[in-house]
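Student: Questions regarding the structure given below will be posed in turn.
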Amino acid sequence: MEDVQLIRALQTRQDGAMEQFQTAYTPLLRYIIAPILPDERDREECLSDVLLRVWNSIGTFDPGKAALTTWLTHLTRNAALNRRRANERRREGGALDEAMPDAADGPEQSLLKAEAAQALWTSVGRLGRRDRDLFLRKYYYYQPTAQIAAECGLTVRAVEGKLYRIRKHLQGELGGVIHG
Amino acid sequence: MDEFDRLLYVGSAQLPPELAKLEPPCPWKKPIGLICWGLALITITINGFGLNLILPAVGAGLLWLGLGALRRENGPFRFAYGCAGLYAALRLAVVVLQATPLDGRLKELVGGEWNTTTGAVPVYNVLWTVALQLTLILVVGGLWQGLKGIFRRAGQRPRTAAAGGVVIVEALLLPMALIGLEGWLLVGPLLILWICLLVGLRKVSRSLDQAGYVLKAVPSRVSGRVVLAVWLALHLLAVGVLPLVFARLPDGEHTPVYGSDVSDSPLRAQLLELGFPEDILGGLDDNELARFEGAYGLKKEGYHDPAGPHTDGMPSVITVEVPVRDGRYGFRCVYLAHLRWNPGEASGGYMEGIQVAQDIQGVTVHTTRVEGVLKWKDGAGTAYTLPLDFRFEADGAGKPCCYADFALPEEVDGPTEAFLFWEAAPSLPETVSLYNYTVTIAHKRGGWQYPYALPSDILAAGFYSAPSWQWRMYQWGSEGQLAPEGLYDPRKY
């Protein structure tokens, strides 16, 4: 079944539509979740959560604005990231993952961070296609360097080198825009 | 993780890019893309600028790299990966062999010819074509089954029609090559179909992203670019450097000649009287002179110009036709072709070749194989002789030809001379028969040539077959006559 037909079937709540969706897209969802959530039980719970969200919010999905895979990727990545943040916060006596954004920011802090993020994405948008892909894999999808290397046919050292150069480039472009 | 790294994670989480611009990573895209490009470069042949060598080499490398990334997925992918490695190795072996004389020797060893609609080709070449194409069919077959396995594992209907189509087209190419089917009417539609199939195969990566996102990609110890660069460098070494090792034919078994084997026999005086060139006669020993016993006529053609330049290592040629009385045939004609390379032009040559082609019209003529000898002197004044080994082979038109390959000596003082002898006797000795012949000389102008070819191969392929920057050709033709004593008139033809 084509994506458009599948979306229509999901939106009209047809029998078997969700099973078909799961068959087709569970591998993609697992692929997005896996690097963000290291724990297997977390991953399964997150997957169930995402499937529920898809079922509930497919009505709002507009195939004219984005591809189904893009929408799903975005949805899944956010769900996994939220779960990871929640896990970090629940951890008693454990330090927060420094990579995770602080949810307790004030309005001014939030505005500054939004500005910084806007500048970051503008700079990322100016990167070459391959560099942008590497950046997204590393910082947006949280993929480990070894996975990136294997999937891109590069050595781990080569990926590290490229990421180092991307970081340097962004550091030069952003200057004082991004700050702690 | 440093501070900036942390900020990048935070920034990426803060404001995700616009949905329409964000594409999820596609782990299958790269390997399938490499495979498609690999197949495209292997199958489509573009002649000129060495692209017929470079593109398939790159293609074989890309195919191997693409399948290498997938080999942990399932057995068929592993099989295809192994076959792709074998295919690449076979291709390199062909390139290496063609840079060396070994290729020609193996061709001789295998022998035989395979008839196609476009002409006969050596069985050796056919065996290579079959081996390469069969291996490629196994590669695409493994790829097809591997892709099917991925879809089945994901519980989906396999969408691998394009891969199956590629297998069928590659399988069709084998009998087409063996039959020798050519022409745009046949190849054109097949090429269009094949391109469509490759585009279809390229799109399979999208379906695979849904069917098997959990690609067990193999970590690389060396990046694909380095592998490809080394692979190409191996090919360039084989093509660019290896031929230089075999640039010159090995020196033959030359023999020093001490003392003189030239006597003042009455035959010498008789030949001189008939008009035999004195300088050439002086170079013949008694055994060679004995060939002309019973001479009753003589026709000389060509001339030597000791002062004139003969560019690019070309010799000057004089031919002598001497009819002699013969107890068995009534008479026979003895032919001598005398080739002379001036010093400087002769020394240090890479490869020389001589073809003697005989053209007899209307009668049956018994001819002997050409025999020849190379003679020169070194700086110390020692004379040397080197027998030239002529082999007999009819040319494409069925004309009897004799070929010899050799290298001119490097240490010479004075000219290097070649004396070629052959004989012809007609089955109707009472009539005058026409007997034409050509002596063609090939000279290799530089050290590099690819693929490796002997001068005799170049000569057999035709006078204009070789590129002029690599080979210099010179042809001397003569109209001879086979006439009994009394009817022989050297001025008549």
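In the structure tokens, chains take letters A, B, ... by order of appearance, with residues numbered from 1 within each chain and ligands from 1 in the order shown.
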Dump as a ChimeraX atom specification the residues of chain A that approach chain B to within 6 Å, counting only C-alpha atoms.
Tutor: /A:24-25,27-28,66,70,99,101,117,139-140,150-151,153-155
Student: Using only C-alpha atoms, which residue out of A:Leu51, A:Ala114, A:Val159, A:Leu120 lies closest to Leu10 in chain A?
Tutor: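 Using only C-alpha atoms, Leu10 in chain A sits closest to A:Leu51.
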Student: So that I can see what lies close to Tyr464 in chain B, please list as a list in words the residues with an atom at most 12 Å from it, counting only C-alpha atoms and leaving out residues fewer than 4 positions away in the same chain.
Tutor: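 Surrounding residues, per the criterion: Thr440, Ala442, Ile458, Leu459, Ala460, Ser468, Gln470, Trp471, Arg472, Met473, Tyr474 and Gln475 of chain B.
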Student: Selected residues, N, CA and C atoms, written as a compact mmCIF listing (two decimals), in the first residue's frame, please.
Tutor:
```txt
# COMPACT_ATOMS: atom_id res chain seq x y z
N THR B 440 56.66 -6.14 -45.20
CA THR B 440 56.19 -5.05 -44.35
C THR B 440 56.97 -5.06 -43.04
N ALA B 442 57.41 -3.39 -39.17
CA ALA B 442 56.79 -2.61 -38.09
C ALA B 442 57.86 -2.25 -37.08
N ILE B 458 50.56 -6.72 -34.72
CA ILE B 458 50.22 -5.45 -35.36
C ILE B 458 50.20 -5.63 -36.87
N LEU B 459 51.20 -6.36 -37.38
CA LEU B 459 51.28 -6.58 -38.82
C LEU B 459 50.11 -7.42 -39.31
N ALA B 460 49.75 -8.44 -38.52
CA ALA B 460 48.65 -9.32 -38.93
C ALA B 460 47.32 -8.58 -38.92
N SER B 468 49.67 5.60 -35.13
CA SER B 468 50.95 6.01 -35.69
C SER B 468 51.91 6.56 -34.64
N GLN B 470 52.47 5.20 -31.92
CA GLN B 470 53.06 4.07 -31.22
C GLN B 470 53.87 3.17 -32.15
N TRP B 471 53.40 3.03 -33.38
CA TRP B 471 54.03 2.13 -34.33
C TRP B 471 54.29 2.84 -35.65
N ARG B 472 55.43 2.53 -36.23
CA ARG B 472 55.77 3.05 -37.56
C ARG B 472 55.76 1.83 -38.49
N MET B 473 55.10 1.98 -39.63
CA MET B 473 55.00 0.85 -40.55
C MET B 473 55.59 1.24 -41.90
N TYR B 474 56.19 0.27 -42.56
CA TYR B 474 56.78 0.52 -43.87
C TYR B 474 56.56 -0.72 -44.72
N GLN B 475 56.08 -0.52 -45.93
CA GLN B 475 55.78 -1.67 -46.78
C GLN B 475 56.49 -1.55 -48.12
```
Student: Taking only C-alpha atoms into account, name the residue in A:Ala80, A:Ser123, A:Leu111, A:Pro144 that is nearest to Gly172 in chain A.
Tutor: A:Ser123
Student: What lies within 6 Å of range 315-320 of chain B using only C-alpha atoms, ignoring chain neighbours under 4 positions off, as a list in words?
Tutor: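 My list of contacting residues is Lys299, Lys300, Glu301, Gly302, Tyr303, His304, Tyr335, Leu336, Ala337, His338, Leu339, Arg340 and Trp341 of chain B.
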Student: For Asp395 in chain B, work out the shell of residues within 10 Å, counting only C-alpha atoms and skipping chain neighbours fewer than 3 positions away, then give it as number ranges by chain.
Tutor: B: 357, 392, 398-402, 459-462
Student: Go ahead and save the picked residues with N, CA and C atoms, as a PDB file, in the first residue's frame.
Tutor:
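The new file result.pdb reads:
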```
ATOM      1  N   ALA B 357      54.464 -11.327 -47.132  1.00  0.00           N
ATOM      2  CA  ALA B 357      53.185 -11.848 -47.624  1.00  0.00           C
ATOM      3  C   ALA B 357      53.330 -12.191 -49.094  1.00  0.00           C
ATOM      4  N   PHE B 392      54.705 -19.163 -39.727  1.00  0.00           N
ATOM      5  CA  PHE B 392      53.808 -19.068 -40.881  1.00  0.00           C
ATOM      6  C   PHE B 392      52.363 -18.937 -40.406  1.00  0.00           C
ATOM      7  N   GLY B 398      43.495 -15.096 -46.453  1.00  0.00           N
ATOM      8  CA  GLY B 398      43.995 -16.420 -46.802  1.00  0.00           C
ATOM      9  C   GLY B 398      45.340 -16.397 -47.492  1.00  0.00           C
ATOM     10  N   LYS B 399      45.979 -15.216 -47.543  1.00  0.00           N
ATOM     11  CA  LYS B 399      47.280 -15.071 -48.194  1.00  0.00           C
ATOM     12  C   LYS B 399      48.364 -15.643 -47.274  1.00  0.00           C
ATOM     13  N   PRO B 400      49.279 -16.485 -47.821  1.00  0.00           N
ATOM     14  CA  PRO B 400      50.323 -17.026 -46.938  1.00  0.00           C
ATOM     15  C   PRO B 400      51.283 -15.923 -46.469  1.00  0.00           C
ATOM     16  N   CYS B 401      51.493 -15.865 -45.165  1.00  0.00           N
ATOM     17  CA  CYS B 401      52.358 -14.831 -44.578  1.00  0.00           C
ATOM     18  C   CYS B 401      53.336 -15.467 -43.608  1.00  0.00           C
ATOM     19  N   CYS B 402      54.506 -14.878 -43.526  1.00  0.00           N
ATOM     20  CA  CYS B 402      55.481 -15.292 -42.521  1.00  0.00           C
ATOM     21  C   CYS B 402      55.823 -14.085 -41.661  1.00  0.00           C
ATOM     22  N   LEU B 459      51.202  -6.355 -37.376  1.00  0.00           N
ATOM     23  CA  LEU B 459      51.285  -6.581 -38.825  1.00  0.00           C
ATOM     24  C   LEU B 459      50.112  -7.421 -39.309  1.00  0.00           C
ATOM     25  N   ALA B 460      49.750  -8.444 -38.521  1.00  0.00           N
ATOM     26  CA  ALA B 460      48.647  -9.323 -38.930  1.00  0.00           C
ATOM     27  C   ALA B 460      47.319  -8.578 -38.924  1.00  0.00           C
ATOM     28  N   ALA B 461      47.210  -7.577 -38.044  1.00  0.00           N
ATOM     29  CA  ALA B 461      45.940  -6.836 -37.938  1.00  0.00           C
ATOM     30  C   ALA B 461      45.727  -5.903 -39.140  1.00  0.00           C
ATOM     31  N   GLY B 462      46.784  -5.593 -39.845  1.00  0.00           N
ATOM     32  CA  GLY B 462      46.626  -4.729 -41.026  1.00  0.00           C
ATOM     33  C   GLY B 462      47.552  -3.534 -40.961  1.00  0.00           C
TER      34      GLY B 462
END
```
Student: Based on DSSP run over this structure's backbone, return all residues of range 252-316 of chain B in strand (DSSP E or B), as a list of chain:residue names.
Tutor: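 So the strand (DSSP E or B) residues in range 252-316 of chain B would be B:Thr255, B:Pro256, B:Val257, B:Ala295, B:Lys299, B:Lys300, B:Glu301, B:Gly302, B:Ser316.
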Student: Rounded to one decimal in Å, what is the spacing between CA of Val95 in chain B and CA of Arg78 in chain B?
Tutor: 25.9 Å
Student: How far is it from CA of Thr416 in chain B to CA of Trp376 in chain B, in Å with one decimal?
Tutor: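 These two atoms are separated by 4.7 Å.
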Student: Could you name the residues that touch Pro266 in chain B at 12 Å or less, counting only C-alpha atoms, but leaving out those on the same chain fewer than 4 positions away, as number ranges by chain?
Tutor: B: 270-273, 286, 289-290, 292-295
Student: Go ahead and write the selection's residues with C-alpha atoms as a tab-separated table (two decimals), in the first residue's frame.
Tutor:
```
chain	number	residue	atom	x	y	z
B	270	GLN	CA	78.34	-15.19	-61.93
B	271	LEU	CA	75.87	-13.44	-59.65
B	272	LEU	CA	77.79	-10.19	-59.93
B	273	GLU	CA	77.61	-10.56	-63.68
B	286	ASP	CA	78.99	-19.55	-48.60
B	289	LEU	CA	75.33	-18.14	-51.48
B	290	ALA	CA	74.68	-21.79	-52.29
B	292	PHE	CA	71.61	-19.30	-55.80
B	293	GLU	CA	73.37	-22.27	-57.44
B	294	GLY	CA	72.13	-22.60	-61.04
B	295	ALA	CA	71.03	-18.96	-61.40
```
Student: Neighbours of Ala120 in chain B within 12 Å (only C-alpha atoms; same-chain residues fewer than 5 positions away dropped), as a VMD selection string?
Tutor: chain B and resid 112 to 115 125 to 126 178 to 180 396
Student: Give me every helix (DSSP H, G or I) residue in range 114-255 of chain B, going by DSSP on the backbone, as a ChimeraX atom specification.
Tutor: /B:123-153,161-179,184-211,224-240,242-245
Student: Out of B:Asp378, B:Asp389, B:Asp489, B:Asp359, which residue has the shortest atom-to-atom distance to Tyr437 in chain B when counting only C-alpha atoms?
Tutor: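 So, comparing all the options, the nearest one is B:Asp359.
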